[in-house]
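Engineer: Contents of input08.cif (mmCIF, C-alpha atoms and all ligand atoms) are below:
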data_input
#
loop_
_atom_site.group_PDB
_atom_site.id
_atom_site.type_symbol
_atom_site.label_atom_id
_atom_site.label_comp_id
_atom_site.auth_asym_id
_atom_site.auth_seq_id
_atom_site.Cartn_x
_atom_site.Cartn_y
_atom_site.Cartn_z
ATOM 1 C CA MET O 1 48.565 17.408 -24.011
ATOM 2 C CA ILE O 2 50.606 15.377 -26.474
ATOM 3 C CA ILE O 3 53.760 13.787 -25.102
ATOM 4 C CA VAL O 4 56.323 12.525 -27.589
ATOM 5 C CA ILE O 5 59.010 10.081 -26.524
ATOM 6 C CA SER O 6 61.752 9.451 -29.062
ATOM 7 C CA GLY O 7 65.149 7.855 -28.819
ATOM 8 C CA PRO O 8 67.428 5.386 -30.574
ATOM 9 C CA GLY O 9 66.571 1.685 -30.686
ATOM 10 C CA GLY O 10 67.781 -0.278 -27.694
ATOM 11 C CA VAL O 11 67.809 2.537 -25.150
ATOM 12 C CA GLY O 12 64.928 1.065 -23.178
ATOM 13 C CA LYS O 13 62.282 3.542 -24.377
ATOM 14 C CA GLY O 14 59.618 0.848 -24.530
ATOM 15 C CA THR O 15 60.158 -0.218 -20.917
ATOM 16 C CA ILE O 16 60.165 3.387 -19.727
ATOM 17 C CA VAL O 17 56.950 4.129 -21.609
ATOM 18 C CA LYS O 18 55.250 1.008 -20.212
ATOM 19 C CA ARG O 19 56.171 2.021 -16.641
ATOM 20 C CA LEU O 20 55.054 5.568 -17.241
ATOM 21 C CA ILE O 21 51.653 4.509 -18.606
ATOM 22 C CA ALA O 22 51.130 1.996 -15.769
ATOM 23 C CA SER O 23 51.880 4.678 -13.194
ATOM 24 C CA ASP O 24 49.409 7.294 -14.421
ATOM 25 C CA PRO O 25 45.837 6.650 -15.603
ATOM 26 C CA ARG O 26 45.732 10.024 -17.352
ATOM 27 C CA LEU O 27 48.324 8.836 -19.834
ATOM 28 C CA GLU O 28 47.127 6.993 -22.910
ATOM 29 C CA LEU O 29 49.531 5.226 -25.228
ATOM 30 C CA SER O 30 48.921 5.505 -28.951
ATOM 31 C CA ARG O 31 49.446 2.212 -30.785
ATOM 32 C CA SER O 32 51.382 2.784 -33.990
ATOM 33 C CA TRP O 33 50.999 1.051 -37.304
ATOM 34 C CA THR O 34 54.053 -0.482 -38.936
ATOM 35 C CA THR O 35 55.079 -2.484 -41.994
ATOM 36 C CA ARG O 36 57.990 -3.995 -40.005
ATOM 37 C CA PRO O 37 57.608 -7.717 -39.403
ATOM 38 C CA ARG O 38 57.016 -8.742 -35.811
ATOM 39 C CA ARG O 39 60.232 -9.668 -33.944
ATOM 40 C CA PRO O 40 60.502 -13.074 -32.320
ATOM 41 C CA GLY O 41 58.939 -12.793 -28.880
ATOM 42 C CA GLU O 42 57.461 -9.352 -29.552
ATOM 43 C CA ALA O 43 53.900 -8.875 -28.278
ATOM 44 C CA ALA O 44 51.235 -9.185 -30.982
ATOM 45 C CA ASP O 45 49.771 -5.849 -29.906
ATOM 46 C CA ALA O 46 53.123 -3.987 -29.793
ATOM 47 C CA TYR O 47 52.057 -2.456 -33.110
ATOM 48 C CA HIS O 48 49.231 -2.757 -35.558
ATOM 49 C CA PHE O 49 51.260 -4.850 -38.042
ATOM 50 C CA VAL O 50 50.176 -4.314 -41.653
ATOM 51 C CA ASP O 51 51.567 -4.759 -45.159
ATOM 52 C CA ARG O 52 52.886 -1.787 -47.154
ATOM 53 C CA GLU O 53 49.833 -1.592 -49.377
ATOM 54 C CA THR O 54 47.474 -1.319 -46.403
ATOM 55 C CA PHE O 55 49.718 1.309 -44.811
ATOM 56 C CA GLU O 56 49.878 3.384 -48.007
ATOM 57 C CA ARG O 57 46.119 3.203 -48.430
ATOM 58 C CA HIS O 58 45.742 4.543 -44.879
ATOM 59 C CA ILE O 59 48.106 7.440 -45.746
ATOM 60 C CA ASP O 60 45.973 8.265 -48.800
ATOM 61 C CA ASN O 61 42.844 8.215 -46.638
ATOM 62 C CA GLY O 62 44.397 10.765 -44.261
ATOM 63 C CA GLY O 63 44.419 8.213 -41.442
ATOM 64 C CA PHE O 64 47.696 9.236 -39.781
ATOM 65 C CA LEU O 65 48.577 12.078 -37.435
ATOM 66 C CA GLU O 66 52.146 11.584 -38.644
ATOM 67 C CA TRP O 67 54.118 8.843 -40.372
ATOM 68 C CA ALA O 68 57.713 8.217 -41.403
ATOM 69 C CA GLU O 69 60.002 5.695 -43.016
ATOM 70 C CA PHE O 70 62.611 4.319 -40.623
ATOM 71 C CA LEU O 71 65.322 1.918 -41.862
ATOM 72 C CA GLY O 72 63.149 0.694 -44.715
ATOM 73 C CA ASN O 73 59.875 0.241 -42.824
ATOM 74 C CA LEU O 74 56.914 2.572 -42.460
ATOM 75 C CA TYR O 75 55.638 3.634 -39.045
ATOM 76 C CA GLY O 76 52.679 5.890 -38.296
ATOM 77 C CA THR O 77 50.492 7.278 -35.538
ATOM 78 C CA PRO O 78 46.812 6.740 -36.330
ATOM 79 C CA LEU O 79 44.389 9.608 -35.740
ATOM 80 C CA PRO O 80 43.011 9.321 -32.177
ATOM 81 C CA ASP O 81 39.655 7.561 -31.946
ATOM 82 C CA PRO O 82 37.017 10.352 -31.584
ATOM 83 C CA THR O 83 34.606 7.921 -29.875
ATOM 84 C CA ASN O 84 37.099 7.273 -27.076
ATOM 85 C CA ARG O 85 35.197 8.700 -24.111
ATOM 86 C CA GLY O 86 37.240 10.578 -21.541
ATOM 87 C CA ALA O 87 39.943 11.266 -24.123
ATOM 88 C CA ASP O 88 39.735 14.994 -23.349
ATOM 89 C CA ASP O 89 41.197 14.494 -19.878
ATOM 90 C CA ARG O 90 43.911 12.249 -21.168
ATOM 91 C CA ASP O 91 47.416 12.995 -22.326
ATOM 92 C CA LEU O 92 48.353 11.076 -25.437
ATOM 93 C CA VAL O 93 51.799 9.448 -25.385
ATOM 94 C CA LEU O 94 53.514 8.813 -28.724
ATOM 95 C CA GLU O 95 56.611 6.632 -28.839
ATOM 96 C CA ILE O 96 57.883 7.646 -32.279
ATOM 97 C CA ASP O 97 61.073 8.519 -34.144
ATOM 98 C CA VAL O 98 62.456 12.046 -34.517
ATOM 99 C CA GLN O 99 60.981 12.548 -38.009
ATOM 100 C CA GLY O 100 57.571 11.899 -36.483
ATOM 101 C CA ALA O 101 58.419 14.141 -33.518
ATOM 102 C CA ARG O 102 59.155 16.973 -35.960
ATOM 103 C CA GLN O 103 55.770 16.563 -37.672
ATOM 104 C CA ILE O 104 53.967 16.546 -34.324
ATOM 105 C CA LYS O 105 55.851 19.659 -33.187
ATOM 106 C CA GLU O 106 54.788 21.461 -36.387
ATOM 107 C CA ARG O 107 51.174 20.427 -36.000
ATOM 108 C CA PHE O 108 50.990 20.820 -32.197
ATOM 109 C CA PRO O 109 53.592 23.393 -31.069
ATOM 110 C CA ASP O 110 52.706 22.812 -27.391
ATOM 111 C CA ALA O 111 53.578 19.112 -27.538
ATOM 112 C CA LEU O 112 56.082 17.983 -24.933
ATOM 113 C CA LEU O 113 59.100 16.336 -26.576
ATOM 114 C CA PHE O 114 61.523 13.949 -24.881
ATOM 115 C CA PHE O 115 64.558 12.137 -26.223
ATOM 116 C CA VAL O 116 65.585 9.068 -24.230
ATOM 117 C CA ASP O 117 69.168 7.967 -24.742
ATOM 118 C CA ALA O 118 71.451 5.178 -23.487
ATOM 119 C CA PRO O 119 74.337 6.072 -21.164
ATOM 120 C CA SER O 120 76.791 5.036 -23.918
ATOM 121 C CA VAL O 121 76.904 3.653 -27.456
ATOM 122 C CA GLU O 122 78.394 0.388 -26.138
ATOM 123 C CA GLU O 123 75.487 0.004 -23.733
ATOM 124 C CA GLN O 124 73.062 0.606 -26.606
ATOM 125 C CA ARG O 125 74.831 -2.046 -28.734
ATOM 126 C CA GLN O 126 74.588 -4.618 -25.921
ATOM 127 C CA ARG O 127 70.905 -3.900 -25.379
ATOM 128 C CA LEU O 128 70.111 -4.283 -29.105
ATOM 129 C CA LEU O 129 72.002 -7.589 -29.315
ATOM 130 C CA ALA O 130 70.331 -8.834 -26.135
ATOM 131 C CA ARG O 131 66.867 -8.283 -27.577
ATOM 132 C CA GLY O 132 67.794 -10.420 -30.597
ATOM 133 C CA ASP O 133 68.375 -7.809 -33.313
ATOM 134 C CA ASP O 134 70.458 -8.981 -36.259
ATOM 135 C CA PRO O 135 74.124 -7.775 -35.770
ATOM 136 C CA ALA O 136 74.160 -6.013 -39.194
ATOM 137 C CA HIS O 137 70.962 -4.246 -38.243
ATOM 138 C CA VAL O 138 72.458 -3.288 -34.875
ATOM 139 C CA GLN O 139 75.253 -1.394 -36.635
ATOM 140 C CA LYS O 140 72.689 0.481 -38.776
ATOM 141 C CA ARG O 141 70.705 1.440 -35.697
ATOM 142 C CA ILE O 142 73.848 2.716 -33.956
ATOM 143 C CA GLU O 143 74.710 4.900 -36.953
ATOM 144 C CA LYS O 144 71.138 6.111 -37.189
ATOM 145 C CA ALA O 145 71.275 7.106 -33.504
ATOM 146 C CA THR O 146 73.895 9.806 -34.178
ATOM 147 C CA GLU O 147 71.520 11.451 -36.678
ATOM 148 C CA GLU O 148 68.617 11.134 -34.253
ATOM 149 C CA ARG O 149 70.554 12.807 -31.410
ATOM 150 C CA GLU O 150 71.303 15.820 -33.587
ATOM 151 C CA ALA O 151 67.742 16.070 -34.890
ATOM 152 C CA SER O 152 66.258 15.857 -31.394
ATOM 153 C CA CYS O 153 68.567 18.600 -30.204
ATOM 154 C CA ASP O 154 67.370 20.848 -33.086
ATOM 155 C CA LEU O 155 63.789 20.159 -32.061
ATOM 156 C CA GLY O 156 64.490 21.196 -28.483
ATOM 157 C CA ALA O 157 63.528 17.802 -27.060
ATOM 158 C CA ILE O 158 64.343 17.280 -23.374
ATOM 159 C CA LEU O 159 67.133 14.733 -22.967
ATOM 160 C CA VAL O 160 66.604 11.876 -20.492
ATOM 161 C CA ILE O 161 69.443 9.366 -20.013
ATOM 162 C CA ASN O 162 68.269 5.863 -19.204
ATOM 163 C CA ASP O 163 71.040 4.858 -16.834
ATOM 164 C CA ASP O 164 68.737 3.815 -14.035
ATOM 165 C CA LEU O 165 65.219 2.829 -15.129
ATOM 166 C CA GLU O 166 63.378 4.050 -12.024
ATOM 167 C CA ALA O 167 65.239 7.363 -12.060
ATOM 168 C CA ALA O 168 64.460 7.907 -15.757
ATOM 169 C CA VAL O 169 60.748 7.212 -15.202
ATOM 170 C CA ALA O 170 60.681 9.523 -12.159
ATOM 171 C CA GLN O 171 62.347 12.277 -14.168
ATOM 172 C CA LEU O 172 59.795 11.987 -16.977
ATOM 173 C CA ARG O 173 56.911 11.963 -14.495
ATOM 174 C CA ALA O 174 58.176 15.104 -12.798
ATOM 175 C CA LEU O 175 58.568 16.932 -16.110
ATOM 176 C CA ILE O 176 55.097 15.857 -17.286
ATOM 177 C CA ASP O 177 53.550 16.999 -13.985
ATOM 178 C CA ALA O 178 55.304 20.352 -14.298
ATOM 179 C CA ALA O 179 54.018 20.797 -17.870
ATOM 180 C CA ARG O 180 50.471 19.931 -16.749
ATOM 181 C CA CYS O 181 50.642 22.514 -13.986
ATOM 182 C CA LYS O 182 51.637 25.131 -16.509
ATOM 183 C CA SER O 183 48.911 24.241 -18.996
ATOM 184 C CA GLU O 184 46.015 23.980 -16.497
HETATM 185 P P1 LIG K 1 61.178 -0.423 -33.786
HETATM 186 O O1 LIG K 1 61.325 -1.077 -35.125
HETATM 187 O O2 LIG K 1 62.447 -0.526 -32.976
HETATM 188 O O3 LIG K 1 59.974 -0.893 -33.029
HETATM 189 O O4 LIG K 1 60.966 1.136 -34.049
HETATM 190 C C1 LIG K 1 61.844 1.837 -34.878
HETATM 191 C C2 LIG K 1 61.641 3.329 -34.677
HETATM 192 O O5 LIG K 1 60.345 3.699 -35.126
HETATM 193 C C3 LIG K 1 61.709 3.749 -33.220
HETATM 194 O O6 LIG K 1 62.481 4.938 -33.161
HETATM 195 C C4 LIG K 1 60.291 3.985 -32.851
HETATM 196 O O7 LIG K 1 60.151 4.952 -31.821
HETATM 197 C C5 LIG K 1 59.756 4.528 -34.163
HETATM 198 N N1 LIG K 1 58.297 4.490 -34.252
HETATM 199 C C6 LIG K 1 57.428 3.621 -33.693
HETATM 200 N N2 LIG K 1 56.178 3.945 -33.989
HETATM 201 C C7 LIG K 1 56.232 5.072 -34.745
HETATM 202 C C8 LIG K 1 55.253 5.923 -35.339
HETATM 203 O O8 LIG K 1 54.043 5.734 -35.231
HETATM 204 N N3 LIG K 1 55.706 6.991 -36.044
HETATM 205 C C9 LIG K 1 57.038 7.258 -36.192
HETATM 206 N N4 LIG K 1 57.361 8.353 -36.876
HETATM 207 N N5 LIG K 1 57.979 6.488 -35.642
HETATM 208 C C10 LIG K 1 57.588 5.406 -34.928
#
Starting from the file, lay out its structure as structure tokens.

Structural biologist:
Amino acid sequence: MIIVISGPGGVGKGTIVKRLIASDPRLELSRSWTTRPRRPGEAADAYHFVDRETFERHIDNGGFLEWAEFLGNLYGTPLPDPTNRGADDRDLVLEIDVQGARQIKERFPDALLFFVDAPSVEEQRQRLLARGDDPAHVQKRIEKATEEREASCDLGAILVINDDLEAAVAQLRALIDAARCKSE
């Protein structure tokens, strides 16, 4: 099963995804490629950081399951490694934007789509500033979030509000378990 987790920047998606992956060995997180520079304090393996030329060459070689441009940077999900043993029993988790979610939904109609959102726009703004995003960039991300909410609704993604971290993770786990039951 492919599980897609989208949501605006600063809603705590990354933390939720980390908890989710740590709590279930059947879940495997896909590591995206990006042309965005690494943020101060961001883990070196948060993404496969590459320059635009390398990214575009990988597009031309058919190396991505999906890719999209988000606020001026390219992001993409690499094709899963076919030599990864045990991958058949695993569910692949993609933490990607809604443009990517749309491409995955077209390619894999059974994919499970979630949209994680903050309890309020003000909360989202505070979280973005707290992680060190540039204030001008924060405003762009907030505006972008309105578009993303609408697009995720069109896609039929399941909305999860990250008000309480543990509750949000538990909700996602329950929905994933239910989807597994149905597909097995
Ligand atoms: P950030 O710069 O905050 O790490 O990510 C910006 C946006 O790009 C987020 O919405 C994030 O989910 C999305 N993103 C990360 N990796 C991918 C990817 O591989 N494909 C797509 N389409 N979006 C991605």

Engineer: For the atom pair atom P1 of ligand LIG 1 (chain K) and CA of Pro109 (chain O), what is the interatomic distance in Å to one decimal place?

Structural biologist: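 Atom-to-atom, atom P1 of ligand LIG 1 (chain K) and CA of Pro109 (chain O) are spaced 25.1 Å apart.
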
Engineer: When distances are computed from all atoms listed in the file, which of O:Asp164, O:Glu66, O:Glu147, O:Glu56 shows the smallest separation from ligand LIG 1 (chain K)?

Structural biologist: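 That would be O:Glu66, the residue with the smallest distance to ligand LIG 1 (chain K).
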
Engineer: Would you compute, for all listed atoms of region 107-124 of chain O, the axis-aligned bounding box grown by 4 Å on each side, and then report its centre and edge lengths in Å rounded to one decimal, as JSON?

Structural biologist:
{"center_x": 64.7, "center_y": 11.7, "center_z": -28.6, "size_x": 35.4, "size_y": 31.4, "size_z": 22.8}

Engineer: Under the rule that all atoms listed in the file are counted, which of O:Arg125, O:Lys18, O:Arg102, O:Arg26 is the nearest residue to ligand LIG 1 (chain K)?

Structural biologist: O:Arg102

Engineer: Would you please work out which residue, of O:Gln139, O:Gln171, O:Asn61, O:Ser23, is nearest to Phe114 (chain O) when using all atoms listed in the file?

Structural biologist: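 Closest to Phe114 (chain O) of all the choices is O:Gln171.
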
Engineer: Could you name the residues that touch Glu184 (chain O) at 12 Å or less, counting all atoms listed in the file, but leaving out those on the same chain fewer than 4 positions away, as an mmCIF file with C-alpha atoms, in the frame of the given file?

Structural biologist:
data_model
loop_
_atom_site.group_PDB
_atom_site.id
_atom_site.type_symbol
_atom_site.label_atom_id
_atom_site.label_comp_id
_atom_site.auth_asym_id
_atom_site.auth_seq_id
_atom_site.Cartn_x
_atom_site.Cartn_y
_atom_site.Cartn_z
ATOM 1 C CA MET O 1 48.565 17.408 -24.011
ATOM 2 C CA ASP O 89 41.197 14.494 -19.878
ATOM 3 C CA ASP O 177 53.550 16.999 -13.985
ATOM 4 C CA ALA O 178 55.304 20.352 -14.298
ATOM 5 C CA ALA O 179 54.018 20.797 -17.870
ATOM 6 C CA ARG O 180 50.471 19.931 -16.749
#
